[in-house]
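**Student:** File follows, start.txt with compact mmCIF, C-alpha atoms:
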```
# COMPACT_ATOMS: atom_id res chain seq x y z
CA MET A 1341 109.91 21.86 -6.13
CA SER A 1342 106.82 23.00 -7.96
CA GLN A 1343 103.63 21.13 -8.67
CA THR A 1344 104.00 22.16 -12.30
CA ASP A 1345 107.10 19.94 -12.65
CA ILE A 1346 104.77 17.14 -13.73
CA PRO A 1347 104.12 17.02 -17.52
CA THR A 1348 100.89 18.78 -18.41
CA LYS A 1349 98.05 17.48 -20.51
CA LYS A 1350 94.74 19.30 -20.82
CA ALA A 1351 91.47 17.40 -20.68
CA ALA A 1352 89.80 17.53 -24.11
CA VAL A 1353 86.23 16.85 -22.93
CA THR A 1354 84.84 18.15 -19.66
CA PRO A 1355 81.97 16.53 -17.71
CA ALA A 1356 79.86 19.66 -18.27
CA SER A 1357 80.10 19.31 -22.05
CA LEU A 1358 79.38 15.59 -21.80
CA GLU A 1359 76.16 16.34 -19.94
CA TRP A 1360 74.83 17.98 -23.10
CA ALA A 1361 75.59 14.82 -25.03
CA VAL A 1362 72.91 12.86 -23.13
CA PRO A 1363 69.83 14.77 -24.42
CA VAL A 1364 71.53 15.59 -27.74
CA PHE A 1365 72.20 11.94 -28.66
CA SER A 1366 68.99 10.48 -27.20
CA PHE A 1367 66.56 13.08 -28.59
CA GLY A 1368 68.71 13.42 -31.72
CA GLY A 1369 68.31 9.71 -32.48
CA ALA A 1370 64.55 9.95 -31.89
CA ALA A 1371 64.34 13.04 -34.13
CA VAL A 1372 66.17 11.24 -36.95
CA ALA A 1373 63.78 8.30 -36.56
CA ILE A 1374 60.75 10.63 -36.78
CA LEU A 1375 62.13 12.33 -39.91
CA ILE A 1376 62.77 8.99 -41.63
CA TRP A 1377 59.30 7.73 -40.70
CA MET A 1378 57.60 10.93 -41.92
CA SER A 1379 59.51 10.89 -45.23
CA GLY A 1380 58.28 7.35 -45.86
CA ILE A 1381 61.71 5.76 -46.32
CA VAL A 1382 61.44 2.03 -45.66
CA ILE A 1383 64.39 1.07 -43.46
CA ASP A 1384 64.79 -0.53 -40.03
CA LEU A 1385 64.34 2.39 -37.62
CA ARG A 1386 66.22 0.55 -34.91
CA PHE A 1387 69.57 1.91 -36.14
CA THR A 1388 68.48 5.35 -34.82
CA ALA A 1389 68.40 3.81 -31.35
CA VAL A 1390 72.20 4.00 -31.42
CA GLY A 1391 71.69 7.59 -30.18
CA CYS A 1392 69.98 6.27 -27.04
CA VAL A 1393 72.69 3.65 -26.50
CA ILE A 1394 75.45 6.30 -26.80
CA ALA A 1395 73.52 8.63 -24.46
CA SER A 1396 73.20 5.79 -21.95
CA VAL A 1397 76.93 5.09 -22.06
CA VAL A 1398 77.68 8.80 -21.56
CA LEU A 1399 75.25 8.94 -18.60
CA ALA A 1400 76.87 5.85 -17.08
CA TYR A 1401 80.30 7.48 -17.49
CA LEU A 1402 79.05 10.67 -15.80
CA ALA A 1403 77.78 8.52 -12.91
CA TRP A 1404 81.08 6.62 -12.74
CA ILE A 1405 83.28 9.72 -12.36
CA ARG A 1406 81.29 11.01 -9.40
CA PRO A 1407 82.57 10.14 -5.92
CA LYS A 1408 79.04 9.02 -4.99
CA LYS A 1409 77.86 6.46 -7.53
CA ASP A 1410 74.31 6.24 -8.86
CA ILE A 1411 73.55 2.60 -9.55
CA VAL A 1412 70.50 3.49 -11.71
CA ALA A 1413 72.49 5.72 -14.07
CA LEU A 1414 75.35 3.20 -14.14
CA THR A 1415 73.09 0.44 -15.42
CA THR A 1416 71.34 2.42 -18.20
CA PRO A 1417 73.54 0.96 -21.03
CA ILE A 1418 72.22 -2.51 -20.11
CA TYR A 1419 68.64 -1.30 -20.40
CA ALA A 1420 69.41 0.50 -23.67
CA ILE A 1421 70.71 -2.70 -25.22
CA ILE A 1422 67.79 -4.76 -23.87
CA PHE A 1423 65.20 -2.25 -25.10
CA PHE A 1424 66.61 -1.75 -28.56
CA ALA A 1425 68.09 -5.16 -29.35
CA VAL A 1426 64.63 -6.72 -29.45
CA PRO A 1427 63.02 -5.91 -32.85
CA LEU A 1428 59.64 -4.17 -32.82
CA ASP A 1429 57.41 -4.70 -35.82
CA ASP A 1430 55.63 -1.40 -35.47
CA ALA A 1431 57.56 1.77 -36.43
CA VAL A 1432 55.39 3.94 -34.20
CA ALA A 1433 56.17 1.72 -31.21
CA THR A 1434 59.90 2.15 -31.91
CA LEU A 1435 59.51 5.95 -32.07
CA VAL A 1436 57.52 6.10 -28.84
CA LEU A 1437 60.03 3.84 -27.10
CA GLU A 1438 62.94 6.04 -28.21
CA LEU A 1439 61.20 9.23 -27.12
CA LEU A 1440 60.23 7.82 -23.73
CA TYR A 1441 63.75 6.49 -23.26
CA ALA A 1442 65.23 9.91 -24.15
CA VAL A 1443 62.94 11.56 -21.59
CA SER A 1444 63.94 8.97 -18.97
CA LEU A 1445 67.64 9.57 -19.58
CA SER A 1446 67.16 13.33 -19.26
CA ILE A 1447 65.32 12.87 -15.95
CA LEU A 1448 68.10 10.56 -14.73
CA LEU A 1449 70.69 13.18 -15.71
CA VAL A 1450 68.89 15.85 -13.68
CA ARG A 1451 68.62 13.40 -10.78
CA LEU A 1452 72.32 12.57 -11.04
CA LYS A 1453 73.32 16.23 -10.94
CA SER A 1454 71.00 17.15 -8.08
CA ARG A 1455 71.41 14.10 -5.82
CA PHE A 1456 74.89 12.78 -6.49
CA GLY A 1457 76.94 15.98 -6.54
CA ALA A 1458 79.48 17.22 -9.04
CA ALA A 1459 81.94 15.04 -10.90
CA ALA A 1460 85.33 14.63 -9.27
CA VAL A 1461 87.62 17.02 -11.11
CA ILE A 1462 91.12 15.63 -11.40
CA PRO A 1463 93.39 18.20 -13.03
CA GLN A 1464 95.36 16.60 -15.84
CA ASP A 1465 98.44 18.72 -15.08
CA GLY A 1466 99.36 16.77 -11.94
CA THR A 1467 98.22 19.42 -9.47
CA LEU A 1468 95.62 19.15 -6.74
CA SER A 1469 92.27 20.90 -7.12
CA GLY A 1470 90.06 22.94 -4.81
CA PRO A 1471 90.87 24.07 -1.29
CA LEU A 1472 93.35 21.21 -0.87
CA GLY A 1473 95.33 22.39 -3.91
CA ASP A 1474 95.27 25.98 -2.65
CA TYR A 1475 96.54 24.91 0.76
CA VAL A 1476 99.31 22.71 -0.65
CA GLU A 1477 100.42 25.58 -2.89
CA LYS A 1478 100.29 28.02 0.04
CA ILE A 1479 102.74 26.13 2.21
CA LEU A 1480 105.10 25.21 -0.63
CA PRO A 1481 107.81 27.72 0.43
CA ALA A 1482 107.92 26.21 3.95
CA CYS A 1483 108.48 22.73 2.50
CA THR A 1484 111.72 23.56 0.68
CA SER A 1485 113.74 23.00 3.86
CA LEU A 1486 112.24 19.58 4.55
CA PRO A 1487 114.69 16.65 4.24
CA PRO A 1488 113.43 14.22 1.54
CA ALA A 1489 113.49 11.34 4.01
CA ALA A 1490 111.26 13.25 6.41
CA ALA A 1491 108.89 14.21 3.59
CA HIS A 1492 108.67 10.56 2.58
CA LYS A 1493 107.97 9.64 6.19
CA ALA A 1494 105.20 12.27 6.20
CA ALA A 1495 103.64 10.49 3.20
CA VAL A 1496 103.91 7.09 4.88
CA THR A 1497 102.48 8.40 8.15
CA PHE A 1498 99.56 10.04 6.39
CA MET A 1499 98.79 6.97 4.29
CA ARG A 1500 98.97 4.67 7.33
CA TYR A 1501 96.55 6.92 9.18
CA ALA A 1502 94.19 7.07 6.19
CA ALA A 1503 94.23 3.27 6.06
CA GLY A 1504 93.38 3.02 9.77
CA GLU A 1505 96.69 1.34 10.65
CA TYR A 1506 97.05 3.29 13.85
CA GLY A 1507 99.65 1.04 15.44
CA ASP A 1508 102.06 1.67 12.54
CA VAL A 1509 101.31 5.40 12.54
CA GLN A 1510 102.91 5.80 15.95
CA ASP A 1511 106.24 4.31 14.81
CA GLU A 1512 106.32 6.12 11.48
CA ALA A 1513 105.47 9.46 13.07
CA ARG A 1514 108.18 9.10 15.70
CA GLU A 1515 110.75 8.28 13.03
CA GLY A 1516 109.59 11.26 10.97
CA ARG A 1517 109.95 13.49 14.00
CA ILE A 1518 113.54 12.32 14.50
CA LEU A 1519 114.40 12.92 10.82
CA LEU A 1520 113.37 16.56 11.21
CA ASP A 1521 115.84 17.22 14.02
CA GLY A 1522 118.37 19.83 12.98
CA SER A 1523 116.84 20.28 9.52
CA GLY A 1524 115.89 23.90 10.14
CA SER A 1525 112.34 23.27 9.00
CA ALA A 1526 109.36 24.91 10.69
CA PRO A 1527 108.49 23.43 14.11
CA ALA A 1528 104.90 22.86 12.92
CA PHE A 1529 106.04 19.79 10.95
CA SER A 1530 107.49 18.17 14.08
CA THR A 1531 104.33 19.04 15.98
CA ALA A 1532 102.23 17.43 13.25
CA PHE A 1533 104.16 14.16 13.62
CA GLU A 1534 103.76 14.31 17.41
CA ILE A 1535 100.01 14.97 17.16
CA LEU A 1536 99.51 12.05 14.82
CA ALA A 1537 101.56 9.73 17.03
CA GLU A 1538 99.57 10.76 20.09
CA GLN A 1539 96.13 10.58 18.49
CA ALA A 1540 96.91 7.29 16.73
CA GLU A 1541 97.85 5.79 20.10
CA ILE A 1542 94.61 7.02 21.65
CA THR A 1543 92.60 5.51 18.77
CA GLU A 1544 94.55 2.26 18.74
CA LYS A 1545 93.98 1.74 22.45
CA SER A 1546 90.40 3.08 22.30
CA ARG A 1547 91.14 5.53 25.08
CA PRO A 1548 89.28 8.79 25.69
CA HIS A 1549 91.57 11.77 25.17
CA THR A 1550 92.88 13.59 28.20
CA GLU A 1551 92.44 17.27 29.09
CA TRP A 1552 95.93 17.94 27.86
CA TYR A 1553 96.84 16.83 24.40
CA LYS A 1554 99.38 17.92 21.83
CA GLN A 1555 98.23 20.99 19.93
CA PHE A 1556 99.77 23.47 17.49
CA THR A 1557 100.78 26.86 18.84
CA SER A 1558 99.60 30.19 17.50
CA ALA A 1559 103.07 30.59 15.93
CA ASP A 1560 102.27 27.60 13.67
CA GLU A 1561 99.03 29.05 12.35
CA ALA A 1562 100.53 30.42 9.15
CA LEU A 1563 101.15 26.85 8.02
CA LEU A 1564 97.83 25.39 9.12
CA ALA A 1565 94.66 24.81 7.13
CA ARG A 1566 92.45 25.80 10.04
CA PRO A 1567 92.71 28.22 12.98
CA VAL A 1568 93.78 26.66 16.26
CA PRO A 1569 90.74 26.56 18.58
CA PRO A 1570 91.34 26.91 22.33
CA ARG A 1571 91.33 23.85 24.55
CA LYS A 1572 87.85 24.16 25.93
CA LYS A 1573 85.01 21.72 26.38
CA ASN A 1574 81.49 22.84 25.60
CA ASP A 1575 78.43 21.98 27.71
CA GLU A 1576 78.34 18.47 26.24
CA GLY A 1577 81.99 17.83 27.07
CA PHE A 1578 83.11 18.16 23.46
CA ASP A 1579 86.50 19.79 22.80
CA ALA A 1580 86.73 20.99 19.18
CA GLY A 1581 90.47 21.58 19.59
CA PHE A 1582 91.26 17.87 19.73
CA ASP A 1583 89.72 17.10 16.34
CA ALA A 1584 91.08 20.31 14.82
CA ALA A 1585 94.61 19.33 15.91
CA LEU A 1586 94.31 16.03 14.08
CA ASP A 1587 92.83 17.62 10.94
CA ASN A 1588 95.60 20.23 10.82
CA ALA A 1589 98.31 17.62 11.41
CA LEU A 1590 96.98 15.32 8.68
CA LEU A 1591 96.74 18.15 6.17
CA LEU A 1592 100.15 19.55 7.01
CA LEU A 1593 101.81 16.17 6.53
CA TYR A 1594 99.90 15.59 3.28
CA ALA A 1595 101.00 18.96 1.93
CA ALA A 1596 104.60 18.42 3.10
CA ALA A 1597 104.76 15.04 1.39
CA TRP A 1598 103.16 16.32 -1.80
CA ASN A 1599 105.53 19.28 -2.06
CA ALA A 1600 108.78 17.65 -0.97
CA SER A 1601 108.47 14.01 -1.99
CA SER A 1602 107.27 13.87 -5.59
CA ALA A 1603 107.90 10.10 -5.76
CA ASP A 1604 105.08 9.63 -3.24
CA ARG A 1605 102.52 11.61 -5.23
CA PRO A 1606 100.90 8.56 -6.89
CA HIS A 1607 100.22 7.13 -3.41
CA LEU A 1608 99.04 10.47 -2.07
CA ARG A 1609 96.72 10.79 -5.05
CA THR A 1610 94.85 7.67 -3.86
CA ALA A 1611 94.04 9.49 -0.62
CA GLU A 1612 93.23 12.83 -2.24
CA THR A 1613 89.48 12.43 -1.69
CA PHE A 1614 90.11 11.76 1.99
CA ALA A 1615 92.42 14.79 2.36
CA ALA A 1616 89.89 16.96 0.50
CA LYS A 1617 87.15 15.77 2.86
CA VAL A 1618 89.30 16.67 5.87
CA ILE A 1619 90.06 20.17 4.62
CA GLU A 1620 86.48 20.87 3.60
CA GLY A 1621 85.30 19.95 7.09
CA MET B 201 59.54 -14.97 17.50
CA LYS B 202 62.47 -16.61 19.28
CA ILE B 203 64.40 -19.64 18.01
CA GLY B 204 66.88 -20.76 20.66
CA ASN B 205 68.57 -17.56 21.83
CA VAL B 206 67.99 -15.77 18.56
CA GLU B 207 65.15 -13.28 18.13
CA VAL B 208 63.81 -13.71 14.59
CA LYS B 209 61.85 -11.03 12.76
CA VAL B 210 59.91 -11.53 9.54
CA SER B 211 59.84 -8.57 7.19
CA ILE B 212 56.61 -6.85 6.19
CA LEU B 213 57.47 -7.72 2.58
CA SER B 214 57.60 -11.46 3.30
CA ILE B 215 54.29 -11.33 5.14
CA GLY B 216 52.79 -9.33 2.28
CA VAL B 217 53.96 -11.88 -0.29
CA PHE B 218 52.55 -14.71 1.83
CA VAL B 219 49.18 -12.96 2.21
CA VAL B 220 48.89 -12.14 -1.51
CA PHE B 221 49.67 -15.71 -2.58
CA THR B 222 47.34 -17.13 0.08
CA ILE B 223 44.45 -15.04 -1.25
CA PHE B 224 45.39 -15.99 -4.81
CA LEU B 225 45.45 -19.69 -3.89
CA LEU B 226 42.10 -19.51 -2.04
CA VAL B 227 40.38 -17.85 -4.98
CA ALA B 228 41.97 -20.23 -7.49
CA SER B 229 41.05 -23.30 -5.46
CA VAL B 230 37.41 -22.19 -5.27
CA TYR B 231 37.12 -21.88 -9.04
CA SER B 232 39.47 -24.60 -10.26
CA ALA B 233 39.24 -28.30 -9.50
CA GLU B 234 42.73 -28.76 -10.92
CA VAL B 235 44.17 -26.35 -8.34
CA ARG B 236 42.26 -28.13 -5.56
CA SER B 237 43.86 -31.41 -6.60
CA GLN B 238 47.32 -29.86 -6.23
CA LEU B 239 46.74 -28.32 -2.79
CA ILE B 240 48.83 -31.02 -1.13
CA TRP B 241 51.88 -29.40 -2.81
CA LEU B 242 50.69 -25.82 -3.03
CA ILE B 243 49.97 -25.34 0.68
CA PRO B 244 53.44 -26.45 1.86
CA GLY B 245 54.89 -24.34 -0.97
CA LEU B 246 52.92 -21.39 0.33
CA PHE B 247 54.30 -21.83 3.83
CA MET B 248 57.81 -22.02 2.40
CA LEU B 249 57.33 -18.36 1.45
CA LEU B 250 57.38 -17.65 5.18
CA VAL B 251 59.72 -20.41 6.35
CA ILE B 252 62.60 -19.53 4.00
CA PRO B 253 62.79 -15.82 5.03
CA ILE B 254 62.54 -16.88 8.69
CA ALA B 255 65.37 -19.39 8.22
CA LEU B 256 67.54 -16.83 6.44
CA ASN B 257 66.82 -14.26 9.13
CA TYR B 258 67.70 -16.76 11.84
CA MET B 259 71.01 -17.65 10.16
CA SER B 260 71.92 -13.98 9.61
CA ARG B 261 71.16 -13.04 13.18
CA ARG B 262 73.07 -15.98 14.60
CA GLU B 263 76.05 -15.12 12.39
CA TYR B 264 75.95 -11.48 13.49
CA ALA B 265 75.68 -12.50 17.15
CA ASP B 266 78.74 -14.75 16.73
CA ILE B 267 80.97 -12.14 15.12
CA THR B 268 79.95 -9.12 17.20
CA PRO B 269 82.37 -9.89 20.09
CA ALA B 270 85.29 -9.98 17.64
CA TYR B 271 84.29 -6.58 16.30
CA GLU B 272 83.89 -5.21 19.80
CA ALA B 273 87.46 -6.24 20.52
CA GLU B 274 89.07 -5.08 17.28
CA ALA B 275 87.10 -2.08 16.01
CA LYS B 276 88.63 1.35 16.55
CA THR B 277 86.44 4.32 17.38
CA VAL B 278 86.72 6.87 14.59
CA ARG B 279 84.98 10.01 13.44
CA VAL B 280 82.81 9.57 10.36
CA LYS B 281 84.95 12.02 8.40
CA LEU B 282 88.01 9.82 8.85
CA ILE B 283 86.39 6.83 7.13
CA ASN B 284 87.71 6.65 3.59
CA GLU B 285 88.41 4.22 0.76
CA ASN B 286 91.82 3.31 2.15
CA MET B 287 90.05 1.78 5.16
CA ILE B 288 88.11 -0.79 3.12
CA GLY B 289 88.04 -4.04 5.10
CA LYS B 290 88.83 -2.39 8.44
CA PRO B 291 86.53 -2.87 11.45
CA VAL B 292 85.37 0.45 12.88
CA ARG B 293 83.16 1.81 15.63
CA ILE B 294 81.29 5.08 15.24
CA GLU B 295 78.94 6.95 17.52
CA GLY B 296 76.30 9.30 16.24
CA VAL B 297 72.68 10.12 15.62
CA VAL B 298 70.46 8.16 13.25
CA GLU B 299 69.27 10.65 10.66
CA LYS B 300 67.34 8.30 8.38
CA VAL B 301 66.33 4.65 8.23
CA ARG B 302 65.70 3.11 4.81
CA PHE B 303 64.60 -0.33 3.55
CA ARG B 304 63.49 -1.55 6.95
CA PHE B 305 60.52 -3.28 5.27
CA LEU B 306 62.96 -5.46 3.32
CA ASN B 307 64.77 -6.61 6.49
CA ARG B 308 67.83 -4.89 4.96
CA PRO B 309 67.83 -1.60 6.86
CA GLN B 310 70.21 1.16 5.95
CA PHE B 311 70.88 3.69 8.70
CA ILE B 312 72.27 7.11 7.88
CA VAL B 313 74.34 7.90 10.97
CA ALA B 314 75.84 11.34 11.55
CA ASP B 315 78.33 12.69 14.03
CA ARG B 316 79.83 16.18 14.25
CA SER B 317 82.16 15.50 11.33
CA GLY B 318 79.74 14.08 8.74
CA GLU B 319 77.35 11.26 7.91
CA ILE B 320 77.69 7.74 6.54
CA SER B 321 75.44 4.87 5.46
CA CYS B 322 75.44 1.82 7.69
CA LYS B 323 74.00 -1.17 5.84
CA MET B 324 72.68 -4.23 7.61
CA PHE B 325 71.68 -7.51 6.03
CA THR B 326 69.11 -8.23 8.71
CA ASN B 327 67.17 -6.20 11.24
CA PRO B 328 69.09 -5.18 14.39
CA ILE B 329 68.31 -6.73 17.74
CA GLU B 330 66.67 -3.58 19.07
CA ASP B 331 64.41 -1.24 17.14
CA ILE B 332 66.37 1.79 16.00
CA HIS B 333 64.55 4.95 14.99
CA GLU B 334 65.48 8.36 13.67
CA HIS B 335 67.17 10.65 16.22
CA ASP B 336 68.36 7.71 18.34
CA VAL B 337 71.95 8.07 19.52
CA VAL B 338 73.71 4.86 18.58
CA GLU B 339 76.99 2.99 18.55
CA VAL B 340 77.68 1.21 15.27
CA LEU B 341 80.14 -1.64 14.81
CA GLY B 342 81.00 -2.80 11.34
CA MET B 343 83.42 -3.08 8.49
CA VAL B 344 84.18 -0.41 5.91
CA ILE B 345 83.09 -1.57 2.45
CA HIS B 346 82.34 -0.02 -0.94
CA ARG B 347 78.71 0.94 -1.48
CA TYR B 348 78.42 -1.32 -4.57
CA VAL B 349 80.72 -4.30 -3.91
CA ALA B 350 83.84 -2.92 -5.64
CA VAL B 351 82.90 0.67 -6.42
CA GLY B 352 81.19 3.60 -4.77
CA ASP B 353 81.83 5.65 -1.67
CA PRO B 354 82.79 3.91 1.57
CA VAL B 355 79.92 2.75 3.76
CA ILE B 356 79.77 0.57 6.86
CA ASN B 357 78.66 -3.05 6.66
CA CYS B 358 76.96 -2.89 10.03
CA VAL B 359 77.32 -5.88 12.34
CA SER B 360 75.81 -4.28 15.42
CA ILE B 361 73.89 -1.08 16.09
CA LYS B 362 72.66 -0.25 19.56
CA LYS B 363 71.33 2.75 21.40
CA ILE B 364 73.81 4.30 23.78
CA GLU B 365 71.74 7.14 25.18
CA ARG B 366 68.18 8.17 25.56
CA LYS B 367 66.44 9.54 22.49
CA SER B 368 67.87 12.85 21.41
CA GLY B 369 67.19 15.47 18.77
CA PRO B 370 69.64 15.95 15.91
CA GLU B 371 70.52 19.42 17.12
CA LYS B 372 72.32 17.87 20.06
CA GLU B 373 74.97 16.26 17.90
CA ARG B 374 75.09 18.87 15.16
```
In structure tokens, how does this file's structure come out?

**Tutor:**
Amino acid sequence: MSQTDIPTKKAAVTPASLEWAVPVFSFGGAAVAILIWMSGIVIDLRFTAVGCVIASVVLAYLAWIRPKKDIVALTTPIYAIIFFAVPLDDAVATLVLELLYAVSLSILLVRLKSRFGAAAVIPQDGTLSGPLGDYVEKILPACTSLPPAAAHKAAVTFMRYAAGEYGDVQDEAREGRILLDGSGSAPAFSTAFEILAEQAEITEKSRPHTEWYKQFTSADEALLARPVPPRKKNDEGFDAGFDAALDNALLLLYAAAWNASSADRPHLRTAETFAAKVIEG
Amino acid sequence: MKIGNVEVKVSILSIGVFVVFTIFLLVASVYSAEVRSQLIWLIPGLFMLLVIPIALNYMSRREYADITPAYEAEAKTVRVKLINENMIGKPVRIEGVVEKVRFRFLNRPQFIVADRSGEISCKMFTNPIEDIHEHDVVEVLGMVIHRYVAVGDPVINCVSIKKIERKSGPEKER
């Protein structure tokens, strides 16, 4: 089953092109107002403030599509309406207000880009983006032998873990493990279920993990997102292998579910940010 | 200041507001006979600027003290990286290093707590029982919420934050 089975639809406007719209509309509106004022045409200059209102809405949209929201940029349309709905008698005051507002929006746009990261890119063709998409695509051949019921169970197990329902994870993972018996699929999938069951139990009971815990073998590495670190505690008693086992198990089950249980993709999409965070470390 | 078993702290902002309005009232009462005639109402009103924040702080702290045992029993210890939007409404416990403290002067401190896997904002609606500073190693109990009520990245609505080790540099956890 390929990711490209989903109907494709290209995005018409990208966030990068929308970023240009903020200074273009805000300064454009102010420029039109200046031209009208200089040419001596007697009309209400406030209609040129529409450029600032549109720029504010675009800025708010750019803030909305980022994973980390900027409350200042999100509220700029409110300020735009407040500023420009009140009539000003003086034309010069209107021009100055528009210019200052355009400068403010441009500063907020720079702030948004530098402090709140890039916009979340959701491909319109139904695929996953970034390292997560690459990983899911990489292990696609290994997922063809997965029974659909087991792939569905992988989705349920992953989603339960993402939601912090650790008690349920143990049951779902054990059932998923049983469904894989005799399927001929790679042993790494069974190991992933076992790791999740074990670690969910440890978390649910708030127990410290033991010296010996379930880990992938070196033979599984071809299917894993990360290399398997050795079981070894550092000077502070921290064992990186324990966390890496969980990360690899979560990602393997996410990829298995995505590739072999297309009906679960809408649910998996809701946890895409989480899975992307896990793979990006 | 202690009311019953609850340690109450007044924010710098509240004290500042009280001081500014006190000075304003003193000056106005010197120059205006009309203001002097209203002092019987203005002085109690002035003290309400301190009493109301103290009362709110007391109620918040008492509420937090009441619900902390329930969180201690139910919260699961997780890595910061594992906290995500699907966990909204779930009680969690994290351990890490305080990287930044913001808005302490408002009595609404926001602690940026980091562990080996990442960092997260822990918002409190009153000051914690003990003073928490940058580089302190802490245990945080709280509920996962959206940053802005219904939108934004997941953050922790912190119910309890306490030091669990002696002061340590950030390089120890990182």

**Student:** Which is closer to chain A than all the others in B:Val301, B:Val278, B:Lys363, B:Ile294, using all atoms listed in the file?

**Tutor:**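 Using all atoms listed in the file, chain A sits closest to B:Val278.
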
**Student:** Would you list the contacts of region 214-230 of chain B as number ranges by chain, taking every protein, DNA or RNA residue within 8 Å and counting all atoms listed in the file, but skipping same-chain residues closer than 5 positions in sequence?

**Tutor:** B: 235-236, 246-247, 249-250, 253

**Student:** Determine the nearest neighbour of Tyr348 (chain B) from the options B:Lys323, B:Arg261, B:Arg302, B:Lys276, counting all atoms listed in the file.

**Tutor:** B:Lys323

**Student:** Which residue, A:Phe1614, A:Phe1529, A:Trp1552, A:Phe1367, has the smallest gap to chain B when you use only C-alpha atoms?

**Tutor:**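 Of A:Phe1614, A:Phe1529, A:Trp1552, A:Phe1367, the one nearest chain B is A:Phe1614, counting only C-alpha atoms.
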
**Student:** Find the nearest atom pair between each residue of chain A and chain B for residues within 10 Å, count all atoms listed in the file, give distances in Å to one decimal, sort rows by chain and ascending number, and present the table as a Markdown table.

**Tutor:**
```
| residue | atom | partner | partner_atom | distance |
| --- | --- | --- | --- | --- |
| A:Trp1404 | CA | B:Gly352 | CA | 8.5 |
| A:Ile1405 | CA | B:Gly352 | CA | 10.0 |
| A:Arg1406 | CA | B:Gly352 | CA | 8.7 |
| A:Pro1407 | CA | B:Asp353 | CA | 6.2 |
| A:Lys1408 | CA | B:Asp353 | CA | 5.5 |
| A:Lys1409 | CA | B:Gly352 | CA | 5.2 |
| A:Asp1410 | CA | B:Gly352 | CA | 8.4 |
| A:Ile1411 | CA | B:Tyr348 | CA | 8.0 |
| A:Met1499 | CA | B:Asn286 | CA | 8.2 |
| A:Arg1500 | CA | B:Asn286 | CA | 8.9 |
| A:Tyr1501 | CA | B:Leu282 | CA | 9.0 |
| A:Ala1502 | CA | B:Asn286 | CA | 6.0 |
| A:Ala1503 | CA | B:Met287 | CA | 4.5 |
| A:Gly1504 | CA | B:Met287 | CA | 5.8 |
| A:Glu1505 | CA | B:Met287 | CA | 8.6 |
| A:Tyr1506 | CA | B:Lys276 | CA | 9.1 |
| A:Ile1542 | CA | B:Thr277 | CA | 9.6 |
| A:Thr1543 | CA | B:Lys276 | CA | 6.2 |
| A:Glu1544 | CA | B:Lys276 | CA | 6.4 |
| A:Lys1545 | CA | B:Lys276 | CA | 8.0 |
| A:Ser1546 | CA | B:Lys276 | CA | 6.3 |
| A:Arg1547 | CA | B:Thr277 | CA | 9.1 |
| A:Pro1548 | CA | B:Thr277 | CA | 9.9 |
| A:Glu1576 | CA | B:Lys372 | CA | 8.6 |
| A:Phe1578 | CA | B:Arg316 | CA | 10.0 |
| A:Ala1580 | CA | B:Arg316 | CA | 9.7 |
| A:Asp1583 | CA | B:Arg279 | CA | 9.0 |
| A:Asp1587 | CA | B:Leu282 | CA | 9.4 |
| A:Thr1610 | CA | B:Asn286 | CA | 8.0 |
| A:Ala1611 | CA | B:Asn286 | CA | 7.1 |
| A:Thr1613 | CA | B:Asn284 | CA | 8.0 |
| A:Phe1614 | CA | B:Asn284 | CA | 5.9 |
| A:Ala1615 | CA | B:Leu282 | CA | 9.3 |
| A:Lys1617 | CA | B:Lys281 | CA | 7.0 |
| A:Val1618 | CA | B:Lys281 | CA | 6.9 |
| A:Gly1621 | CA | B:Ser317 | CA | 6.9 |
```

**Student:** At what distance in Å, to one decimal, does CA of Gly1581 (chain A) lie from CA of Arg1566 (chain A)?

**Tutor:**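 Interatomic distance, CA of Arg1566 (chain A) to CA of Gly1581 (chain A): 10.6 Å.
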
**Student:** Which polymer residues have any atom within 9 Å of an atom of Ala1565 (chain A), counting all atoms listed in the file, with same-chain residues fewer than 5 positions away left out, as a list in words?

**Tutor:**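 Skipping anything fewer than 5 positions along the chain leaves Leu1472, Tyr1475, Asp1587, Asn1588, Leu1591, Leu1592 and Ile1619 of chain A.
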
**Student:** Got time to write the residues from that selection, C-alpha atoms, as a PDB file, keeping the file's coordinate frame?

**Tutor:**
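Now in result.pdb:
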```
ATOM      1  CA  LEU A1472      93.350  21.210  -0.870  1.00  0.00           C
ATOM      2  CA  TYR A1475      96.540  24.910   0.760  1.00  0.00           C
ATOM      3  CA  ASP A1587      92.830  17.620  10.940  1.00  0.00           C
ATOM      4  CA  ASN A1588      95.600  20.230  10.820  1.00  0.00           C
ATOM      5  CA  LEU A1591      96.740  18.150   6.170  1.00  0.00           C
ATOM      6  CA  LEU A1592     100.150  19.550   7.010  1.00  0.00           C
ATOM      7  CA  ILE A1619      90.060  20.170   4.620  1.00  0.00           C
TER       8      ILE A1619
END
```

**Student:** Work out how far CA of Asn1574 (chain A) is from CA of Glu1534 (chain A), in Å to one decimal.

**Tutor:**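 Taking CA of Glu1534 (chain A) and CA of Asn1574 (chain A), their separation equals 25.2 Å.
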
**Student:** Hey, could you pull the box centre and edge lengths for region 1373-1389 of chain A, axis-aligned, 5 Å padding per side, all listed atoms, to one decimal in Å, as AutoDock Vina command-line options?

**Tutor:**
```
--center_x 63.6 --center_y 5.9 --center_z -38.8 --size_x 22.0 --size_y 22.9 --size_z 25.0
```

**Student:** For region 1522-1528 of chain A, find every residue with an atom within 8 Å (counting all atoms listed in the file), except residues of its own chain fewer than 6 positions away, and show them as a short mmCIF file (atom, residue, chain, number, x, y, z; two decimals) with C-alpha atoms, in the frame of the given file.

**Tutor:**
```cif
data_model
loop_
_atom_site.label_atom_id
_atom_site.label_comp_id
_atom_site.auth_asym_id
_atom_site.auth_seq_id
_atom_site.Cartn_x
_atom_site.Cartn_y
_atom_site.Cartn_z
CA ALA A 1482 107.92 26.21 3.95
CA CYS A 1483 108.48 22.73 2.50
CA SER A 1485 113.74 23.00 3.86
CA LEU A 1486 112.24 19.58 4.55
CA PRO A 1487 114.69 16.65 4.24
CA PHE A 1556 99.77 23.47 17.49
CA ASP A 1560 102.27 27.60 13.67
CA LEU A 1563 101.15 26.85 8.02
#
```
